[in-house]
Amino acid sequence: MKYDNDAKEKFFTNLKLYSSNITEKIESLRSHSIEPSQLKQFSLSVIVICKDEERCIERCLNAINRNIGVNDEVIIIDTGSTDHTLNILNKYRAQSNFFIFEKEWNNDFAEIRNFGIHKASKDWIVFIDADETVENDSFANLKSHLSIIDLLNVEAVCCPAIVNTGGHVVQTVRRIIPNCQSIFYFGAVHEEPRPDDHSELFYLAFEDIVFHHDGYVEAVSTSKEKQKRNMALLYPMIDKEPLSPRWHYLLCRDGKGALNEDFYRDTLLKVITLCGDDELNKEYKVRAVSDLIEFYLGAGDIDQAANNLEMLKELAPHMTDTLYWDILVQVIIFEYNYHQFIQRIIDYKKTHKELDYGSLNSNGFHLDHLLSRLFFNIREYGSSFAILKKLENAQYGEYKAQYEELHKTLKNFLQAGEGNEK
């Protein structure tokens with residue numbers, strides 16, 4: 001008997017994250033062969049929500065068009081564009097598998113997504129933002145994985161790998177859901193799919209379903225408005241679900257820099273308390289602890305930063321953020337010590353004016369040289385090189401040669417930056 005293990009191998013090769021409570025089912029599937037007759041073929045409803053996206057909507061839709069199959073459909077929902085977006089959408093009206101709708105915006109992203117769900121007619125629903133493009137073969141990969149997921153017999157959603165500008169990849173956004181009319185989105189902003197019966201919803205994330213996102217390229221002109229909008233939508237969500245750490249954390253994340261510092265800190269602490277030991281909320285707890293470390297470092301409270309670092313080490317010992325904060329805290333402590341060392345040398349030189357007949361230098365130039373190194377290490381380059389110039393004038397060493405490579409490297413770096421700007 002022939003078994004179809006190519007799809008299975010592809011599934012497990014590209015499966016990067018999944019709900020911990022389906023581990024047993026995943027491992028059971030891993031240990032069994034699969035017959036071709038077991039694998040179903042699924043169709044996709046690809047939904048794009050847009051408003052004033054003339055910059056990128058055509059790029060988004062063309063990428064989708066290259067990837068969809070003959071049995072798939074594309075649903076586009078415009079929520080009140082006033083630029084040329086609708087003119088661009090008109091180009092696609094003639095295509096039999098493209099459907100364009102206009103829907104009034106009521107400050108509720110879940111409402112728009114659910115409108116799209118009600119319009120969808122295919123087996124699975126894929127949400128793609130207008131400022132994203134789907135990487136080639138992603139839909140083919142998705143369909144292959146869906147045929148395997150079907151064998152798990154669980155109500156699950158999928159997460160693509162969303163590659164943001166700068167290379168940051170997010171793999172936990174639940175954008176791909178079964179069209180079962182029992183799963184809908186909840187939340188005015190940062191909405192998430194939830195089953196009608198409030199049962200648990202499993203997720204699986206794959207690295208070969210890739211969306212590229214560049215929505216923050218224009219952050220200089222749009223970020224403040226997005227921040228203001230998101231904060232206004234998150235406060236009502238906190239009122240609706242005051243015990244959910246999700247909305248409290250998202251308010252801190254989106255309101256960073258705009259929220260009162262005490263409120264920001266206290267809300268992150270509240271997130272940690274609300275999460276407790278619930279594994280389902282661990283993601284928000286880890287993020288809150290990490291953000292608190294940054295907050296305390298910014299406030300100059302090394303002790304509190306170190307305390308939260310210890311908590312983060314227990315929660316996520318192998319996470320890159322943990323290593324980053326661990327080393328950065330040590331670096332800051334080193335830099336603090338550098339300042340202490342600098343002050344010791346300065347105080348000594350103020351009170352010791354006489355010649356010192358030690359073995360290094362009777363004028364204390366060795367202390368000056370050490371002071372220059374300490375200033376350099378804390379990036380006070382003006383002070384560092386002023387001291388070196390003084391030492392060279394006193395014929396205590398020649399230091400220019402030591403920094404020629406640094407000068408050359410900086411020059412190349414700055415010239416490369418000017419070239420990119422042009």
# chains A, B, ... in the order shown; residues from 1 in each chain; ligands from 1
>>> residues_around(residues="Thr82 of chain A", least_positions_apart="2", cutoff="7 Å", atoms="only C-alpha atoms", output="count of residues only")
3
>>> closest_atom_pairs(of="segment 226-343 of chain A", to="segment 103-124 of chain A", cutoff="10 Å", atoms="only C-alpha atoms", output="Markdown table")
| residue | atom | partner | partner_atom | distance |
| --- | --- | --- | --- | --- |
| A:Arg229 | CA | A:Asn107 | CA | 8.8 |
| A:Asn230 | CA | A:Asn107 | CA | 9.7 |
| A:Ala232 | CA | A:Asn107 | CA | 9.4 |
| A:Leu233 | CA | A:Asn107 | CA | 7.3 |
>>> closest_atom_pairs(of="segment 289-397 of chain A", to="segment 253-272 of chain A", cutoff="10 Å", atoms="only C-alpha atoms", output="JSON lines")
{"residue": "A:Val289", "atom": "CA", "partner": "A:Ile272", "partner_atom": "CA", "distance": 7.3}
{"residue": "A:Ser290", "atom": "CA", "partner": "A:Leu268", "partner_atom": "CA", "distance": 9.8}
{"residue": "A:Asp291", "atom": "CA", "partner": "A:Leu268", "partner_atom": "CA", "distance": 7.8}
{"residue": "A:Leu292", "atom": "CA", "partner": "A:Arg265", "partner_atom": "CA", "distance": 6.9}
{"residue": "A:Phe295", "atom": "CA", "partner": "A:Arg265", "partner_atom": "CA", "distance": 7.4}
{"residue": "A:Tyr296", "atom": "CA", "partner": "A:Arg265", "partner_atom": "CA", "distance": 8.9}
{"residue": "A:Ala299", "atom": "CA", "partner": "A:Glu261", "partner_atom": "CA", "distance": 9.7}
>>> write_last_selection(atoms="all heavy atoms", output="short mmCIF file (atom, residue, chain, number, x, y, z; two decimals), in the first residue's frame")
data_model
loop_
_atom_site.label_atom_id
_atom_site.label_comp_id
_atom_site.auth_asym_id
_atom_site.auth_seq_id
_atom_site.Cartn_x
_atom_site.Cartn_y
_atom_site.Cartn_z
N VAL A 289 6.85 41.20 31.64
CA VAL A 289 8.08 41.18 32.43
C VAL A 289 9.23 41.80 31.64
O VAL A 289 10.02 42.60 32.17
CB VAL A 289 8.43 39.74 32.85
CG1 VAL A 289 9.79 39.69 33.54
CG2 VAL A 289 7.36 39.19 33.80
N SER A 290 9.33 41.45 30.36
CA SER A 290 10.38 42.00 29.51
C SER A 290 10.25 43.53 29.41
O SER A 290 11.24 44.26 29.51
CB SER A 290 10.30 41.38 28.11
OG SER A 290 11.33 41.87 27.28
N ASP A 291 9.01 44.01 29.23
CA ASP A 291 8.79 45.46 29.14
C ASP A 291 9.10 46.17 30.45
O ASP A 291 9.57 47.31 30.45
CB ASP A 291 7.35 45.74 28.72
CG ASP A 291 7.09 45.36 27.26
OD1 ASP A 291 8.05 45.05 26.55
OD2 ASP A 291 5.90 45.37 26.86
N LEU A 292 8.84 45.50 31.56
CA LEU A 292 9.17 46.10 32.86
C LEU A 292 10.68 46.24 33.05
O LEU A 292 11.15 47.21 33.64
CB LEU A 292 8.57 45.26 34.00
CG LEU A 292 7.12 45.55 34.34
CD1 LEU A 292 6.59 44.53 35.35
CD2 LEU A 292 6.95 46.96 34.91
N PHE A 295 11.53 49.26 31.26
CA PHE A 295 11.03 50.44 31.98
C PHE A 295 11.95 50.79 33.15
O PHE A 295 12.34 51.96 33.32
CB PHE A 295 9.62 50.17 32.49
CG PHE A 295 9.09 51.25 33.40
CD1 PHE A 295 8.54 52.40 32.88
CD2 PHE A 295 9.17 51.10 34.79
CE1 PHE A 295 8.06 53.42 33.72
CE2 PHE A 295 8.70 52.11 35.63
CZ PHE A 295 8.15 53.26 35.10
N TYR A 296 12.30 49.80 33.95
CA TYR A 296 13.13 50.07 35.12
C TYR A 296 14.54 50.50 34.74
O TYR A 296 15.14 51.35 35.40
CB TYR A 296 13.17 48.85 36.03
CG TYR A 296 11.89 48.63 36.81
CD1 TYR A 296 11.19 47.43 36.72
CD2 TYR A 296 11.39 49.62 37.64
CE1 TYR A 296 10.01 47.23 37.43
CE2 TYR A 296 10.22 49.44 38.36
CZ TYR A 296 9.53 48.24 38.25
OH TYR A 296 8.36 48.06 38.96
N ALA A 299 14.36 54.04 33.93
CA ALA A 299 14.18 54.85 35.14
C ALA A 299 15.41 54.84 36.03
O ALA A 299 15.43 55.50 37.07
CB ALA A 299 12.96 54.35 35.91
#
>>> closest_residue(among="A:Val48, A:Val173, A:Leu374, A:Leu414", to="Ile125 of chain A", atoms="only C-alpha atoms")
A:Val48
>>> atom_distance(atom1="atom CA of Leu151 of chain A", atom2="atom CA of Phe206 of chain A")
16.7 Å
>>> atom_distance(atom1="atom CA of Asp326 of chain A", atom2="atom CA of Gln343 of chain A")
26.3 Å
>>> closest_residue(among="A:His212, A:Arg30, A:Arg194, A:His369", to="Thr13 of chain A", atoms="only C-alpha atoms")
A:Arg30
>>> closest_residue(among="A:Val286, A:Ile209, A:Ala386, A:Leu367", to="Asn141 of chain A", atoms="only C-alpha atoms")
A:Ile209
>>> residues_around(residues="Trp247 of chain A", least_positions_apart="4", cutoff="7 Å", atoms="only C-alpha atoms", output="PyMOL selection string")
chain A and resi 234+237-238+251
>>> select_by_dssp(residues="segment 20-253 of chain A", states="strand (DSSP E or B)", output="MDAnalysis selection string")
chainID A and resid 44:50 73:78 98:102 124:129 132:134 156:164 169:170 176:178 183:186 192:195 202:213
>>> closest_residue(among="A:Val157, A:Ile293, A:Ile378, A:Ala401", to="Leu312 of chain A", atoms="only C-alpha atoms")
A:Ile293
>>> closest_residue(among="A:Ile327, A:Ala316, A:Leu250, A:Ala188", to="Pro236 of chain A", atoms="only C-alpha atoms")
A:Ala188
>>> select_by_dssp(residues="segment 53-251 of chain A", states="alpha helix (DSSP H)", output="ChimeraX atom specification")
/A:57-67,85-89,109-119,138-149,219-240,245-251
>>> closest_residue(among="A:Glu35, A:Glu405, A:Asp83, A:Glu155", to="Ser19 of chain A", atoms="only C-alpha atoms")
A:Glu155
>>> residues_around(residues="segment 69-78 of chain A", least_positions_apart="3", cutoff="7 Å", atoms="only C-alpha atoms", output="list in words")
Ser43, Leu44, Ser45, Val46, Ile47, Val48, Ile49, Cys50, Lys51, Ser81, Asn97, Phe98, Phe99, Ile100, Phe101, Glu102, Lys103 and Lys122 of chain A
>>> residues_around(residues="His352 of chain A", least_positions_apart="3", cutoff="12 Å", atoms="only C-alpha atoms", output="VMD selection string")
chain A and resid 345 to 349 355 to 356 362 to 364 367
>>> write_last_selection(atoms="C-alpha atoms", output="PDB file, in the first residue's frame")
ATOM      1  CA  ILE A 345      40.633  59.225  39.163  1.00  0.00           C
ATOM      2  CA  ILE A 346      39.322  62.798  38.968  1.00  0.00           C
ATOM      3  CA  ASP A 347      39.096  63.070  42.757  1.00  0.00           C
ATOM      4  CA  TYR A 348      42.585  61.658  43.150  1.00  0.00           C
ATOM      5  CA  LYS A 349      44.088  64.107  40.657  1.00  0.00           C
ATOM      6  CA  LEU A 355      55.110  64.759  41.494  1.00  0.00           C
ATOM      7  CA  ASP A 356      54.741  61.068  42.117  1.00  0.00           C
ATOM      8  CA  SER A 362      55.713  60.809  37.774  1.00  0.00           C
ATOM      9  CA  ASN A 363      53.216  63.290  36.248  1.00  0.00           C
ATOM     10  CA  GLY A 364      50.311  60.839  36.460  1.00  0.00           C
ATOM     11  CA  LEU A 367      46.108  57.887  34.995  1.00  0.00           C
TER      12      LEU A 367
END
>>> atom_distance(atom1="atom CA of Phe376 of chain A", atom2="atom CA of Lys411 of chain A")
18.1 Å
